[in-house]
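Structure below is my_file.cif: mmCIF, C-alpha atoms.
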```cif
data_entry
#
loop_
_atom_site.label_atom_id
_atom_site.label_comp_id
_atom_site.auth_asym_id
_atom_site.auth_seq_id
_atom_site.Cartn_x
_atom_site.Cartn_y
_atom_site.Cartn_z
CA MET A 799 159.14 54.31 133.70
CA PRO A 800 156.81 55.54 130.91
CA LEU A 801 154.35 58.27 131.83
CA MET A 802 151.14 56.55 130.72
CA PRO A 803 151.34 53.51 133.06
CA THR A 804 151.97 55.88 135.96
CA LEU A 805 148.93 57.92 135.03
CA ARG A 806 146.90 54.74 134.58
CA MET A 807 147.80 53.55 138.08
CA THR A 808 147.02 56.97 139.49
CA GLY A 809 143.61 56.74 137.84
CA ILE A 810 143.01 53.29 139.33
CA LEU A 811 143.84 54.50 142.82
CA ALA A 812 141.67 57.59 142.35
CA ALA A 813 138.78 55.38 141.21
CA ILE A 814 139.16 53.23 144.30
CA ALA A 815 139.09 56.33 146.46
CA LEU A 816 135.98 57.61 144.66
CA VAL A 817 134.08 54.35 145.11
CA THR A 818 135.01 53.81 148.73
CA GLY A 819 134.93 57.40 149.86
CA ALA A 820 138.51 57.00 151.00
CA GLY A 821 140.98 59.59 149.94
CA PRO A 822 144.66 58.88 149.57
CA ALA A 823 146.83 58.77 152.69
CA GLY A 824 145.53 61.17 155.25
CA ALA A 825 141.86 60.10 155.13
CA GLN A 826 142.33 59.53 158.85
CA THR A 827 144.33 61.73 161.14
CA ALA A 828 147.59 60.54 162.61
CA ALA A 829 145.87 60.33 165.98
CA GLU A 830 143.15 58.07 164.59
CA ILE A 831 145.65 55.73 162.96
CA ASP A 832 147.75 55.60 166.09
CA ALA A 833 144.67 54.90 168.21
CA ALA A 834 143.57 52.05 165.92
CA LEU A 835 146.97 50.37 166.19
CA LYS A 836 147.16 50.79 169.95
CA ALA A 837 143.64 49.45 170.43
CA ALA A 838 144.38 46.31 168.41
CA TYR A 839 147.66 45.77 170.20
CA ALA A 840 146.07 46.10 173.64
CA LYS A 841 143.22 43.79 172.64
CA TYR A 842 145.38 40.93 171.38
CA LYS A 843 148.74 41.20 173.15
CA ASP A 844 147.79 38.61 175.75
CA LEU A 845 146.07 36.24 173.30
CA LYS A 846 147.50 32.72 173.62
CA GLU A 847 145.88 31.01 170.63
CA GLY A 848 147.93 29.17 168.02
CA LYS A 849 151.45 27.78 168.08
CA ASN A 850 154.73 28.30 166.26
CA ALA A 851 155.44 26.28 163.13
CA ASP A 852 157.53 23.30 164.19
CA TYR A 853 158.22 21.42 160.95
CA ILE A 854 161.24 23.71 160.60
CA PRO A 855 163.07 23.34 163.94
CA ALA A 856 164.42 26.91 163.98
CA LEU A 857 160.89 28.33 163.76
CA ALA A 858 159.77 26.36 166.78
CA ARG A 859 162.44 28.16 168.84
CA VAL A 860 161.28 31.69 167.96
CA ASP A 861 159.82 33.62 170.89
CA PRO A 862 156.01 33.26 170.60
CA ALA A 863 155.52 36.48 172.58
CA ILE A 864 156.82 38.65 169.72
CA PHE A 865 153.99 40.93 168.65
CA GLY A 866 154.57 44.02 166.55
CA ILE A 867 152.26 46.06 164.33
CA ALA A 868 153.29 48.62 161.69
CA LEU A 869 151.31 50.65 159.19
CA VAL A 870 152.74 52.77 156.37
CA THR A 871 150.59 55.26 154.49
CA VAL A 872 151.15 55.99 150.81
CA ASP A 873 152.58 59.39 151.72
CA GLY A 874 155.33 57.73 153.72
CA LYS A 875 154.16 58.08 157.31
CA VAL A 876 155.08 55.12 159.52
CA TYR A 877 153.03 54.11 162.57
CA THR A 878 154.11 51.35 164.92
CA VAL A 879 153.22 49.70 168.19
CA GLY A 880 154.67 46.76 170.09
CA ASP A 881 157.81 44.86 169.17
CA ILE A 882 159.04 46.20 165.85
CA SER A 883 162.73 45.49 166.42
CA SER A 884 162.58 41.69 166.59
CA GLU A 885 163.06 39.97 163.25
CA VAL A 886 161.52 36.74 161.97
CA SER A 887 162.11 34.88 158.72
CA ILE A 888 159.96 36.19 155.89
CA GLN A 889 158.97 32.67 154.71
CA SER A 890 156.06 32.66 152.23
CA VAL A 891 155.61 36.44 152.26
CA SER A 892 158.71 36.34 150.05
CA LYS A 893 156.69 34.70 147.29
CA VAL A 894 154.90 37.97 146.56
CA PHE A 895 158.11 39.83 145.83
CA THR A 896 159.77 37.11 143.77
CA MET A 897 156.58 36.99 141.69
CA ALA A 898 156.83 40.76 141.32
CA ARG A 899 160.48 40.45 140.30
CA VAL A 900 159.63 38.04 137.50
CA MET A 901 156.83 40.31 136.32
CA GLU A 902 159.19 43.29 136.40
CA GLU A 903 161.74 41.44 134.28
CA GLN A 904 159.45 39.57 131.89
CA GLY A 905 155.94 40.99 132.17
CA ALA A 906 152.81 39.69 133.89
CA ASP A 907 152.10 37.16 131.16
CA ALA A 908 155.30 35.30 132.03
CA ILE A 909 153.72 34.34 135.35
CA LEU A 910 150.26 33.69 133.94
CA GLY A 911 151.51 31.57 131.07
CA THR A 912 154.13 29.57 132.94
CA ILE A 913 152.62 29.08 136.39
CA GLY A 914 149.05 30.36 136.38
CA ALA A 915 147.04 32.52 138.76
CA ASP A 916 144.35 30.20 140.09
CA ALA A 917 143.99 28.94 143.64
CA THR A 918 144.68 25.20 143.72
CA GLY A 919 142.16 24.40 146.44
CA MET A 920 144.85 22.31 148.14
CA ARG A 921 147.61 22.70 150.71
CA PHE A 922 150.40 25.13 149.88
CA ASN A 923 152.93 22.29 149.55
CA SER A 924 150.67 19.81 147.77
CA ILE A 925 152.28 17.46 145.26
CA VAL A 926 148.87 16.28 144.09
CA ALA A 927 148.15 19.85 142.96
CA VAL A 928 151.13 19.63 140.59
CA GLU A 929 149.82 16.39 139.10
CA MET A 930 146.35 17.85 138.66
CA ALA A 931 147.73 21.01 137.08
CA GLU A 932 149.61 18.89 134.56
CA LYS A 933 146.34 17.26 133.48
CA GLN A 934 144.42 20.53 133.03
CA LEU A 935 143.43 21.67 129.57
CA GLY A 936 143.99 25.27 128.57
CA GLY A 937 146.90 26.10 130.85
CA PRO A 938 148.30 25.63 134.32
CA GLU A 939 146.07 25.72 137.40
CA MET A 940 148.58 26.95 139.95
CA ASN A 941 149.86 30.25 141.28
CA PRO A 942 153.17 31.70 142.53
CA LEU A 943 152.03 31.78 146.17
CA VAL A 944 151.98 28.01 146.66
CA ASN A 945 155.29 26.17 146.90
CA PRO A 946 155.32 24.56 143.43
CA GLY A 947 154.56 27.86 141.72
CA ALA A 948 156.90 29.77 144.01
CA ILE A 949 159.86 27.48 143.30
CA ALA A 950 159.11 27.80 139.59
CA ALA A 951 158.94 31.60 139.92
CA THR A 952 162.32 31.63 141.67
CA SER A 953 163.74 29.58 138.78
CA MET A 954 162.53 32.29 136.37
CA VAL A 955 164.50 35.16 137.96
CA ARG A 956 167.21 36.14 135.50
CA GLY A 957 170.89 35.73 136.20
CA SER A 958 173.94 33.96 134.80
CA SER A 959 174.83 32.27 138.10
CA ARG A 960 173.33 31.37 141.44
CA ASP A 961 175.08 34.32 143.03
CA GLU A 962 173.74 36.76 140.44
CA ILE A 963 170.18 35.44 140.82
CA TRP A 964 170.37 35.62 144.59
CA LYS A 965 171.73 39.17 144.57
CA SER A 966 168.87 40.16 142.27
CA ILE A 967 166.25 38.69 144.63
CA LEU A 968 167.75 40.02 147.87
CA GLY A 969 168.37 43.44 146.36
CA TYR A 970 164.78 43.60 145.18
CA TYR A 971 163.41 42.70 148.60
CA SER A 972 165.68 45.35 150.10
CA ASP A 973 164.36 47.99 147.69
CA PHE A 974 160.83 47.16 148.81
CA ALA A 975 161.81 47.33 152.49
CA GLY A 976 163.86 50.49 152.08
CA ARG A 977 166.96 49.05 153.74
CA PRO A 978 169.49 46.25 153.12
CA LEU A 979 168.03 42.94 154.27
CA SER A 980 170.00 39.82 155.17
CA VAL A 981 169.47 36.10 155.70
CA ASP A 982 168.87 34.46 159.07
CA LYS A 983 171.57 31.83 158.70
CA GLU A 984 170.18 29.62 161.47
CA VAL A 985 166.80 29.44 159.75
CA PHE A 986 168.40 28.82 156.35
CA LYS A 987 170.46 25.95 157.73
CA SER A 988 167.47 24.46 159.56
CA GLU A 989 165.16 24.81 156.58
CA SER A 990 167.73 23.39 154.17
CA ALA A 991 168.04 20.29 156.36
CA THR A 992 164.28 19.69 156.29
CA ASN A 993 163.22 20.71 152.76
CA GLN A 994 163.05 17.26 151.18
CA ARG A 995 159.43 17.79 150.17
CA ASN A 996 160.27 21.02 148.38
CA LYS A 997 163.13 19.25 146.61
CA ALA A 998 160.63 16.66 145.41
CA ILE A 999 158.28 19.42 144.25
CA GLY A 1000 161.12 21.14 142.40
CA ALA A 1001 162.05 17.89 140.65
CA LEU A 1002 158.44 17.29 139.64
CA MET A 1003 158.04 20.84 138.34
CA TYR A 1004 161.19 20.26 136.29
CA ALA A 1005 159.87 16.95 134.97
CA TYR A 1006 156.71 18.69 133.73
CA GLY A 1007 158.60 21.62 132.21
CA TYR A 1008 157.58 24.39 134.59
CA ILE A 1009 161.22 24.70 135.68
CA LYS A 1010 163.50 24.79 132.65
CA SER A 1011 166.80 23.80 134.28
CA ASP A 1012 168.55 23.02 137.57
CA PRO A 1013 165.60 22.41 139.93
CA GLU A 1014 167.97 21.81 142.85
CA ARG A 1015 169.40 25.31 142.47
CA ALA A 1016 165.89 26.79 142.24
CA THR A 1017 164.84 25.00 145.42
CA ASP A 1018 167.98 26.08 147.25
CA ILE A 1019 167.51 29.74 146.30
CA TYR A 1020 163.83 29.50 147.23
CA THR A 1021 164.82 28.15 150.65
CA GLU A 1022 167.24 31.02 151.12
CA GLN A 1023 164.69 33.65 150.12
CA CYS A 1024 162.31 32.25 152.75
CA SER A 1025 165.05 32.75 155.35
CA VAL A 1026 165.43 36.52 154.88
CA ALA A 1027 165.02 38.28 158.24
CA VAL A 1028 162.42 41.05 158.51
CA SER A 1029 160.70 43.12 161.18
CA ALA A 1030 157.10 44.28 161.25
CA ARG A 1031 158.30 47.69 160.06
CA ASP A 1032 160.14 46.15 157.09
CA LEU A 1033 157.07 44.20 156.06
CA ALA A 1034 154.79 47.23 156.41
CA ILE A 1035 157.02 49.30 154.12
CA MET A 1036 157.02 46.44 151.60
CA ALA A 1037 153.22 46.35 151.75
CA GLY A 1038 153.09 50.14 151.63
CA THR A 1039 155.09 50.08 148.41
CA LEU A 1040 152.36 47.97 146.83
CA ALA A 1041 149.68 50.27 148.27
CA ALA A 1042 151.49 53.24 146.70
CA GLY A 1043 151.44 51.71 143.22
CA GLY A 1044 154.96 50.31 143.29
CA ARG A 1045 156.78 53.36 144.66
CA ASN A 1046 158.38 52.95 148.06
CA PRO A 1047 156.59 55.66 150.09
CA VAL A 1048 159.47 56.00 152.56
CA THR A 1049 162.43 56.18 150.17
CA GLY A 1050 160.50 57.56 147.18
CA ARG A 1051 162.12 54.96 144.92
CA ARG A 1052 160.12 53.35 142.11
CA VAL A 1053 160.44 49.58 142.72
CA LEU A 1054 157.68 47.99 140.62
CA LYS A 1055 155.98 49.26 137.48
CA GLY A 1056 152.60 50.68 138.39
CA GLU A 1057 150.70 48.66 135.81
CA LEU A 1058 151.93 45.43 137.40
CA VAL A 1059 150.68 46.22 140.90
CA PRO A 1060 147.04 45.19 140.25
CA ARG A 1061 148.28 41.80 138.96
CA VAL A 1062 150.33 41.23 142.09
CA LEU A 1063 147.44 42.25 144.34
CA ALA A 1064 145.03 39.99 142.46
CA VAL A 1065 147.12 36.89 143.17
CA MET A 1066 147.50 37.95 146.80
CA ALA A 1067 143.72 38.34 147.10
CA THR A 1068 142.98 34.88 145.73
CA ALA A 1069 145.81 32.85 147.28
CA GLY A 1070 147.55 34.86 149.99
CA LEU A 1071 146.43 33.06 153.15
CA TYR A 1072 146.81 29.41 152.18
CA ASP A 1073 143.56 27.45 152.62
CA ASP A 1074 141.83 30.39 154.29
CA SER A 1075 142.34 32.94 151.51
CA GLY A 1076 138.65 33.11 150.68
CA LYS A 1077 137.65 33.56 154.31
CA TRP A 1078 140.18 36.35 154.72
CA LEU A 1079 139.03 38.19 151.60
CA PHE A 1080 135.40 37.79 152.66
CA ARG A 1081 136.22 39.26 156.06
CA THR A 1082 138.51 42.13 155.08
CA GLY A 1083 138.64 42.65 151.31
CA LEU A 1084 142.40 43.19 151.62
CA PRO A 1085 145.00 41.53 149.37
CA ALA A 1086 147.36 39.88 151.83
CA LYS A 1087 150.12 37.32 152.28
CA SER A 1088 151.14 35.31 155.30
CA GLY A 1089 154.25 33.36 156.18
CA VAL A 1090 154.79 30.54 158.68
CA GLY A 1091 157.47 32.67 160.35
CA GLY A 1092 154.59 34.70 161.80
CA GLY A 1093 154.55 37.66 159.42
CA LEU A 1094 151.42 38.88 157.64
CA ILE A 1095 151.13 41.80 155.23
CA ALA A 1096 147.97 43.38 153.86
CA VAL A 1097 147.38 46.16 151.34
CA SER A 1098 144.64 48.78 151.17
CA PRO A 1099 145.31 50.10 147.64
CA GLY A 1100 145.96 53.83 147.53
CA ARG A 1101 145.72 54.01 151.32
CA PHE A 1102 148.22 52.00 153.34
CA GLY A 1103 150.20 48.84 153.81
CA ILE A 1104 150.06 47.07 157.15
CA ALA A 1105 152.04 44.26 158.71
CA VAL A 1106 152.03 42.26 161.90
CA VAL A 1107 154.66 39.89 163.24
CA SER A 1108 153.42 37.27 165.71
CA PRO A 1109 154.71 33.68 165.39
CA PRO A 1110 151.83 31.55 166.76
CA LEU A 1111 149.81 30.19 163.83
CA ASP A 1112 146.37 28.69 163.31
CA GLU A 1113 145.75 25.34 161.60
CA ALA A 1114 145.97 26.92 158.15
CA GLY A 1115 149.42 28.35 158.89
CA ASN A 1116 148.44 32.00 159.39
CA SER A 1117 149.36 34.15 162.38
CA VAL A 1118 146.41 34.27 164.77
CA ARG A 1119 147.08 37.67 166.31
CA ALA A 1120 148.06 39.17 162.96
CA GLN A 1121 144.77 38.28 161.32
CA LYS A 1122 142.71 39.67 164.18
CA ALA A 1123 144.75 42.84 164.58
CA ILE A 1124 144.81 43.70 160.88
CA ALA A 1125 141.08 43.07 160.50
CA ASP A 1126 140.29 45.37 163.43
CA ILE A 1127 142.63 48.11 162.24
CA SER A 1128 141.31 47.98 158.70
CA ASP A 1129 137.73 48.16 159.96
CA ALA A 1130 138.59 51.18 162.10
CA LEU A 1131 140.27 52.98 159.21
CA GLY A 1132 137.88 51.96 156.41
CA GLY A 1133 140.55 49.99 154.61
CA ASN A 1134 138.35 47.51 152.73
CA PRO A 1135 138.50 48.58 149.05
CA TYR A 1136 135.17 46.88 148.34
CA ALA A 1137 133.22 48.78 151.00
CA PRO A 1138 131.03 51.58 149.60
CA ALA A 1139 131.09 54.98 151.20
CA MET A 1140 128.34 55.51 153.74
CA ARG A 1141 126.77 58.88 153.05
#
```
Will you turn the file into structure tokens for me?
Amino acid sequence: MPLMPTLRMTGILAAIALVTGAGPAGAQTAAEIDAALKAAYAKYKDLKEGKNADYIPALARVDPAIFGIALVTVDGKVYTVGDISSEVSIQSVSKVFTMARVMEEQGADAILGTIGADATGMRFNSIVAVEMAEKQLGGPEMNPLVNPGAIAATSMVRGSSRDEIWKSILGYYSDFAGRPLSVDKEVFKSESATNQRNKAIGALMYAYGYIKSDPERATDIYTEQCSVAVSARDLAIMAGTLAAGGRNPVTGRRVLKGELVPRVLAVMATAGLYDDSGKWLFRTGLPAKSGVGGGLIAVSPGRFGIAVVSPPLDEAGNSVRAQKAIADISDALGGNPYAPAMR
């Protein structure tokens, strides 16, 4: 890792702190952080809104009562409340880290030039969006956080075989989480049996040249990456790694080049919560990513990463309790990077 990008990222985080009045980790005391988590948990633990995703049968069978919150500061302190031992499938949260993997291997322009970084304005699994992107002048109008762009991003991960590509992806996720992750085989089997639409998307992306070869393999690997099992704590450490400029704050390991972190966060900010991405950014200012397994991560740059696992979703496919809990906790801790300091 060259010195200058590290210094550049440090300067970015310092600038954010200067504008917002928020210092690096430790702007709040441990007691204040713990209180914010406990208050949100108590407020929403009995909330019954939303329902599990059911278009993948295995997801419909996940316990809807699971509710865990974790927050990781950039200096490596971990705060948790609720159920942080239960694991759910990572689903679309995985898209962030595959995108990061491609950027790490090939640079940010590989994503921008091949897939794009614009919100499509359509459903995350829209086929029409692919057709419209093909007709755009001046470059693609997609992003790696919707299914067509995500399958294309998976196809871009380097490796001489399926096994080598998969080991690269799973190992990268594990580096972000700070522990070896594994696949929920029941979810993978269930999702593989019901992913005909994604297979069609992969074939169409291949037909238009976004995927260069073997779209079936790309779709299969994408399905497997969505089936990786994670807890709220795992997701919070992954988010905390982004908050800390690409260095895992728990293990101390550099996972992503610092200069790439703002690119990753930018795509999360514009397309992280499906159709409600704009509403979420308006409400919280936090780059975030949800998954239909019930996980949601959010990043306060230079401050903390936070994650909630709660399977019941709203109509847009985002965890109901997770959105409410993260918004409350961020408000309590001054996490919004756009909020000016009140003096």
*Residues returned when the PyMOL selection byres ((chain A and resi 983-988) around 8) runs on this file, as a PyMOL selection string*: chain A and resi 854-857+887+981-982+989-992+1021-1022+1024-1025
*In Å, with one decimal, what is the gap from CA of Gly874 in chain A to CA of Gly1132 in chain A?*
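We find that CA of Gly874 in chain A and CA of Gly1132 in chain A lie 18.6 Å from each other.
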*Go ahead and compute the interatomic distance for CA of Ser884 in chain A and CA of Ala1120 in chain A, in Å to one decimal.*
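Atom-to-atom, CA of Ser884 in chain A and CA of Ala1120 in chain A are spaced 15.2 Å apart.
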_Using all atoms listed in the file for the distances, tell me which of A:Ser890, A:Gln904, A:Gln994, A:Ser883 is nearest to Val955 in chain A._
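Comparing A:Ser890, A:Gln904, A:Gln994, A:Ser883 against Val955 in chain A, the winner is A:Gln904.
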*Between A:Ile913, A:Ala1001, A:Pro1099, A:Leu1084, which one has atoms that come closest to Met897 in chain A, using only C-alpha atoms?*
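Once distances to Met897 in chain A are computed over only C-alpha atoms, the minimum belongs to A:Ile913.
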*Given the choices A:Leu968, A:Ala917, A:Ala1034, A:Leu1040, which gets closest to Gly1076 in chain A if the distance is worked out from only C-alpha atoms?*
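For Gly1076 in chain A, the nearest of the candidates is A:Ala917.
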*Run the PyMOL selection byres ((chain A and resi 1118) around 10) mentally over the shown coordinates, then write out the matched residues as an MDAnalysis selection string, using the chain letters and numbers from the document.*
chainID A and resid 842 845:849 1092 1094 1108:1117 1119:1123
_Nearest-residue call for Ala1064 in chain A, choices A:Val879, A:Val894, A:Ile1009, A:Val886, using only C-alpha atoms_ =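 Looking at the shortest contact to Ala1064 in chain A, the residue is A:Val894.
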*On this structure, which residues satisfy the PyMOL selection byres ((chain A and resi 1088) around 7), written as an MDAnalysis selection string?*
chainID A and resid 890:891 1070:1071 1086:1087 1089:1090 1093:1095 1116
*Looking at A:Ser1075, A:Ser972, A:Ser1128, A:Thr912, which one is nearest to Gly947 in chain A, with distances taken over only C-alpha atoms?*
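When distances to Gly947 in chain A are compared using only C-alpha atoms, the smallest one comes from A:Thr912.
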*So which residues touch Lys836 in chain A within 12 Å, counting only C-alpha atoms, skipping near sequence neighbours fewer than 6 positions away, as a ChimeraX atom specification?*
/A:829-830,842-843,866-869,877-880,1123-1124,1126-1127,1130
*So what do you get for CA of Ala840 in chain A versus CA of Asp881 in chain A, distance-wise?*
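These atoms are spaced 12.6 Å apart.
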_When you count only C-alpha atoms, which of these residues is closest to Gly911 in chain A: A:Arg899, A:Ala1067, A:Ala998, A:Pro942?_
A:Pro942
*Radius query 8 Å about (149.4, 56.5, 151.9), atoms used: only C-alpha atoms, as an NGL selection string*: :A and (822-824 or 870-875 or 1038 or 1041-1042 or 1047 or 1100-1103)
*Contacts of Lys1010 in chain A within 9 Å, all atoms listed in the file, excl. fewer than 4 positions in-chain, as a list in words*: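 In the requested form, the answer reads Ala950, Ser953, Met954, Met1003, Tyr1004 and Ala1005 of chain A.
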Limited to C-alpha atoms, could you put the picked residues into a file as a PDB file, in the coordinates of the input?
```
ATOM      1  CA  ALA A 950     159.110  27.800 139.590  1.00  0.00           C
ATOM      2  CA  SER A 953     163.740  29.580 138.780  1.00  0.00           C
ATOM      3  CA  MET A 954     162.530  32.290 136.370  1.00  0.00           C
ATOM      4  CA  MET A1003     158.040  20.840 138.340  1.00  0.00           C
ATOM      5  CA  TYR A1004     161.190  20.260 136.290  1.00  0.00           C
ATOM      6  CA  ALA A1005     159.870  16.950 134.970  1.00  0.00           C
TER       7      ALA A1005
END
```
